[in-house]
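File shown here: query.pdb, holding PDB, C-alpha atoms, pLDDT in the B column.
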```
ATOM      1  CA  MET A   1      38.081 -44.704  31.719  1.00 62.00           C
ATOM      2  CA  LYS A   2      38.764 -45.198  28.018  1.00 60.00           C
ATOM      3  CA  LYS A   3      41.906 -47.154  28.871  1.00 63.00           C
ATOM      4  CA  LEU A   4      39.933 -49.427  31.182  1.00 57.00           C
ATOM      5  CA  ILE A   5      37.356 -50.153  28.487  1.00 58.00           C
ATOM      6  CA  PHE A   6      40.119 -50.816  25.970  1.00 54.00           C
ATOM      7  CA  ILE A   7      41.893 -53.202  28.367  1.00 56.00           C
ATOM      8  CA  LEU A   8      38.631 -55.047  29.067  1.00 49.00           C
ATOM      9  CA  MET A   9      37.949 -55.372  25.341  1.00 52.00           C
ATOM     10  CA  VAL A  10      41.432 -56.731  24.718  1.00 51.00           C
ATOM     11  CA  PHE A  11      40.952 -59.442  27.343  1.00 54.00           C
ATOM     12  CA  LEU A  12      37.299 -60.260  26.652  1.00 52.00           C
ATOM     13  CA  LEU A  13      37.395 -60.322  22.866  1.00 50.00           C
ATOM     14  CA  PRO A  14      39.765 -63.289  22.562  1.00 49.00           C
ATOM     15  CA  SER A  15      37.781 -65.303  25.112  1.00 47.00           C
ATOM     16  CA  CYS A  16      34.541 -64.716  23.198  1.00 45.00           C
ATOM     17  CA  THR A  17      36.232 -65.638  19.950  1.00 44.00           C
ATOM     18  CA  MET A  18      37.564 -68.898  21.416  1.00 45.00           C
ATOM     19  CA  LEU A  19      34.096 -69.747  22.715  1.00 44.00           C
ATOM     20  CA  GLU A  20      32.538 -69.071  19.328  1.00 45.00           C
ATOM     21  CA  MET A  21      35.171 -71.160  17.545  1.00 45.00           C
ATOM     22  CA  ALA A  22      34.417 -74.145  19.779  1.00 46.00           C
ATOM     23  CA  THR A  23      30.647 -73.972  19.320  1.00 47.00           C
ATOM     24  CA  THR A  24      30.076 -72.816  15.744  1.00 49.00           C
ATOM     25  CA  ILE A  25      30.113 -74.615  12.419  1.00 48.00           C
ATOM     26  CA  GLY A  26      33.882 -74.872  12.057  1.00 52.00           C
ATOM     27  CA  GLY A  27      34.558 -75.637  15.697  1.00 57.00           C
ATOM     28  CA  VAL A  28      35.300 -78.722  17.713  1.00 60.00           C
ATOM     29  CA  MET A  29      31.755 -79.156  19.007  1.00 72.00           C
ATOM     30  CA  TYR A  30      30.304 -79.300  15.485  1.00 76.00           C
ATOM     31  CA  HIS A  31      31.914 -82.711  14.924  1.00 77.00           C
ATOM     32  CA  THR A  32      30.528 -84.005  18.229  1.00 80.00           C
ATOM     33  CA  ARG A  33      27.027 -82.660  17.549  1.00 84.00           C
ATOM     34  CA  GLN A  34      26.953 -84.329  14.133  1.00 87.00           C
ATOM     35  CA  ILE A  35      27.916 -87.680  15.639  1.00 87.00           C
ATOM     36  CA  GLU A  36      25.309 -87.293  18.393  1.00 89.00           C
ATOM     37  CA  LYS A  37      22.612 -86.533  15.790  1.00 91.00           C
ATOM     38  CA  ARG A  38      23.541 -89.701  13.935  1.00 92.00           C
ATOM     39  CA  LEU A  39      23.490 -91.677  17.172  1.00 92.00           C
ATOM     40  CA  HIS A  40      19.951 -90.441  17.884  1.00 92.00           C
ATOM     41  CA  LYS A  41      18.931 -91.377  14.332  1.00 94.00           C
ATOM     42  CA  ALA A  42      20.383 -94.884  14.837  1.00 94.00           C
ATOM     43  CA  GLU A  43      18.489 -95.160  18.109  1.00 93.00           C
ATOM     44  CA  SER A  44      15.167 -94.253  16.489  1.00 94.00           C
ATOM     45  CA  ILE A  45      15.722 -96.688  13.598  1.00 94.00           C
ATOM     46  CA  CYS A  46      16.598 -99.571  15.901  1.00 94.00           C
ATOM     47  CA  THR A  47      13.881 -98.775  18.440  1.00 92.00           C
ATOM     48  CA  LYS A  48      11.252 -99.005  15.683  1.00 93.00           C
ATOM     49  CA  GLN A  49      12.766-102.252  14.422  1.00 92.00           C
ATOM     50  CA  CYS A  50      12.855-103.850  17.901  1.00 93.00           C
ATOM     51  CA  LYS A  51       9.580-102.503  19.305  1.00 90.00           C
ATOM     52  CA  GLY A  52       7.977-105.982  19.290  1.00 86.00           C
ATOM     53  CA  ASN A  53      10.169-107.015  22.217  1.00 82.00           C
ATOM     54  CA  ASP A  54       9.867-105.840  25.816  1.00 84.00           C
ATOM     55  CA  ASN A  55      12.164-102.897  26.511  1.00 81.00           C
ATOM     56  CA  LEU A  56      15.448-104.013  28.132  1.00 79.00           C
ATOM     57  CA  SER A  57      14.568-107.705  27.819  1.00 88.00           C
ATOM     58  CA  GLU A  58      17.338-109.983  26.596  1.00 90.00           C
ATOM     59  CA  LYS A  59      15.675-110.319  23.165  1.00 93.00           C
ATOM     60  CA  TRP A  60      15.312-106.544  22.895  1.00 93.00           C
ATOM     61  CA  CYS A  61      18.967-106.025  23.781  1.00 91.00           C
ATOM     62  CA  GLU A  62      20.055-108.627  21.209  1.00 92.00           C
ATOM     63  CA  CYS A  63      17.808-107.049  18.571  1.00 94.00           C
ATOM     64  CA  MET A  64      19.124-103.553  19.297  1.00 93.00           C
ATOM     65  CA  GLN A  65      22.748-104.701  19.239  1.00 92.00           C
ATOM     66  CA  ALA A  66      22.225-106.515  15.920  1.00 93.00           C
ATOM     67  CA  CYS A  67      20.501-103.459  14.487  1.00 94.00           C
ATOM     68  CA  MET A  68      23.314-101.151  15.613  1.00 92.00           C
ATOM     69  CA  VAL A  69      25.772-103.009  13.348  1.00 89.00           C
ATOM     70  CA  SER A  70      23.403-103.290  10.367  1.00 91.00           C
ATOM     71  CA  GLU A  71      24.105-101.701   6.979  1.00 90.00           C
ATOM     72  CA  ASN A  72      21.574 -98.892   7.544  1.00 88.00           C
ATOM     73  CA  ILE A  73      23.403 -97.796  10.660  1.00 91.00           C
ATOM     74  CA  GLN A  74      26.825 -98.231   9.058  1.00 88.00           C
ATOM     75  CA  GLU A  75      25.758 -95.796   6.350  1.00 89.00           C
ATOM     76  CA  LEU A  76      25.000 -93.160   8.991  1.00 88.00           C
ATOM     77  CA  PHE A  77      28.577 -93.246  10.287  1.00 86.00           C
ATOM     78  CA  LYS A  78      30.367 -93.708   6.934  1.00 85.00           C
ATOM     79  CA  LYS A  79      31.053 -89.968   6.801  1.00 83.00           C
ATOM     80  CA  PHE A  80      33.310 -90.181   9.865  1.00 80.00           C
ATOM     81  CA  LYS A  81      35.853 -92.584   8.374  1.00 78.00           C
ATOM     82  CA  GLY A  82      39.327 -91.266   9.070  1.00 79.00           C
ATOM     83  CA  LYS A  83      38.269 -89.651  12.331  1.00 79.00           C
ATOM     84  CA  SER A  84      38.192 -91.110  15.798  1.00 82.00           C
ATOM     85  CA  ALA A  85      35.675 -90.298  18.486  1.00 82.00           C
ATOM     86  CA  ARG A  86      34.158 -91.629  21.659  1.00 86.00           C
ATOM     87  CA  ILE A  87      30.728 -90.416  22.715  1.00 85.00           C
ATOM     88  CA  VAL A  88      29.193 -91.555  25.993  1.00 87.00           C
ATOM     89  CA  SER A  89      25.561 -90.684  26.596  1.00 85.00           C
ATOM     90  CA  ASP A  90      23.203 -91.817  29.305  1.00 86.00           C
ATOM     91  CA  LYS A  91      22.109 -94.765  27.115  1.00 88.00           C
ATOM     92  CA  TYR A  92      24.892 -95.496  24.629  1.00 88.00           C
ATOM     93  CA  ILE A  93      28.624 -95.704  24.202  1.00 89.00           C
ATOM     94  CA  LEU A  94      29.765 -94.967  20.667  1.00 89.00           C
ATOM     95  CA  ARG A  95      33.337 -95.475  19.564  1.00 89.00           C
ATOM     96  CA  ILE A  96      34.553 -94.615  16.074  1.00 86.00           C
ATOM     97  CA  LYS A  97      38.036 -95.625  15.007  1.00 84.00           C
ATOM     98  CA  GLU A  98      40.047 -93.948  12.260  1.00 79.00           C
ATOM     99  CA  ASP A  99      39.640 -96.948   9.927  1.00 80.00           C
ATOM    100  CA  GLY A 100      35.870 -96.300   9.906  1.00 75.00           C
ATOM    101  CA  PHE A 101      35.008 -99.132  12.290  1.00 83.00           C
ATOM    102  CA  PHE A 102      32.443 -98.085  14.852  1.00 84.00           C
ATOM    103  CA  ASN A 103      30.857 -99.776  17.808  1.00 88.00           C
ATOM    104  CA  ILE A 104      27.671 -98.772  19.593  1.00 90.00           C
ATOM    105  CA  ARG A 105      26.976-100.419  22.924  1.00 90.00           C
ATOM    106  CA  ILE A 106      23.820-100.073  24.984  1.00 90.00           C
ATOM    107  CA  LYS A 107      24.895 -99.293  28.539  1.00 89.00           C
ATOM    108  CA  GLU A 108      21.796-100.656  30.291  1.00 88.00           C
ATOM    109  CA  CYS A 109      21.954-103.957  28.401  1.00 87.00           C
ATOM    110  CA  GLU A 110      25.647-104.365  29.146  1.00 84.00           C
ATOM    111  CA  GLU A 111      25.097-103.719  32.836  1.00 83.00           C
ATOM    112  CA  LYS A 112      22.094-106.027  33.050  1.00 78.00           C
ATOM    113  CA  TYR A 113      23.408-109.023  31.094  1.00 74.00           C
ATOM    114  CA  THR A 114      27.177-108.957  31.667  1.00 68.00           C
ATOM    115  CA  ASN A 115      27.042-108.792  35.472  1.00 59.00           C
ATOM    116  CA  ASN A 116      25.214-112.129  35.783  1.00 51.00           C
TER     117      ASN A 116
END
```

Show this structure as structure tokens.
Amino acid sequence: MKKLIFILMVFLLPSCTMLEMATTIGGVMYHTRQIEKRLHKAESICTKQCKGNDNLSEKWCECMQACMVSENIQELFKKFKGKSARIVSDKYILRIKEDGFFNIRIKECEEKYTNN
């Protein structure tokens, strides 16, 4: 019985450790969570700025897209220069290149106004 417990611990311990490494502060998911937090911050800033327009209207989409490349939003993603990432959410597509260039696209606006 002791051998069985020891064998189980040997196999389960590394799997738990790998899971913790991927989800804790030093892990891979930390980088993704930080980018997603910044994306949500950018969304709230731009939504407030563009609230005078009807949601998903052409003017709203233009306002949001202009806001997403503004200096305020650039400052949010300045920290990620030298890293590359691509985050796709239900609303946005964010792409960060290693040179610090980033692009945020609004999926619903792209679908609505590029298919015409």

Mind telling me what the PyMOL selection byres ((chain A and resi 109) around 10) catches here, as a list in words? Leu56, Ser57, Glu58, Trp60, Cys61, Glu62, Met64, Gln65, Lys91, Tyr92, Arg105, Ile106, Lys107, Glu108, Glu110, Glu111, Lys112, Tyr113, Thr114 and Asn115 of chain A

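Put simply, the PyMOL selection byres ((chain A and resi 40) around 12) in this file takes in A:Arg33, A:Gln34, A:Ile35, A:Glu36, A:Lys37, A:Arg38, A:Leu39, A:Lys41, A:Ala42, A:Glu43, A:Ser44, A:Ile45, A:Cys46, A:Thr47, A:Met68, A:Ile73, A:Leu76, A:Phe77, A:Ile87, A:Ser89, A:Asp90, A:Lys91, A:Tyr92, A:Ile93, A:Leu94, A:Ile104.
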
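Atom pair atom CA of Tyr30 of chain A / atom CA of Ser84 of chain A has a distance of 14.2 Å (rounded to one decimal).
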
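Going from atom CA of Lys97 of chain A over to atom CA of Lys79 of chain A, you cover 12.2 Å.
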
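As for atom CA of Phe102 of chain A and atom CA of Lys59 of chain A, they are spaced 22.4 Å apart.
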
Measuring atom to atom with only C-alpha atoms, identify which of A:Gln49, A:Ala66, A:Asn55, A:His31 is nearest to Phe80 of chain A. A:His31
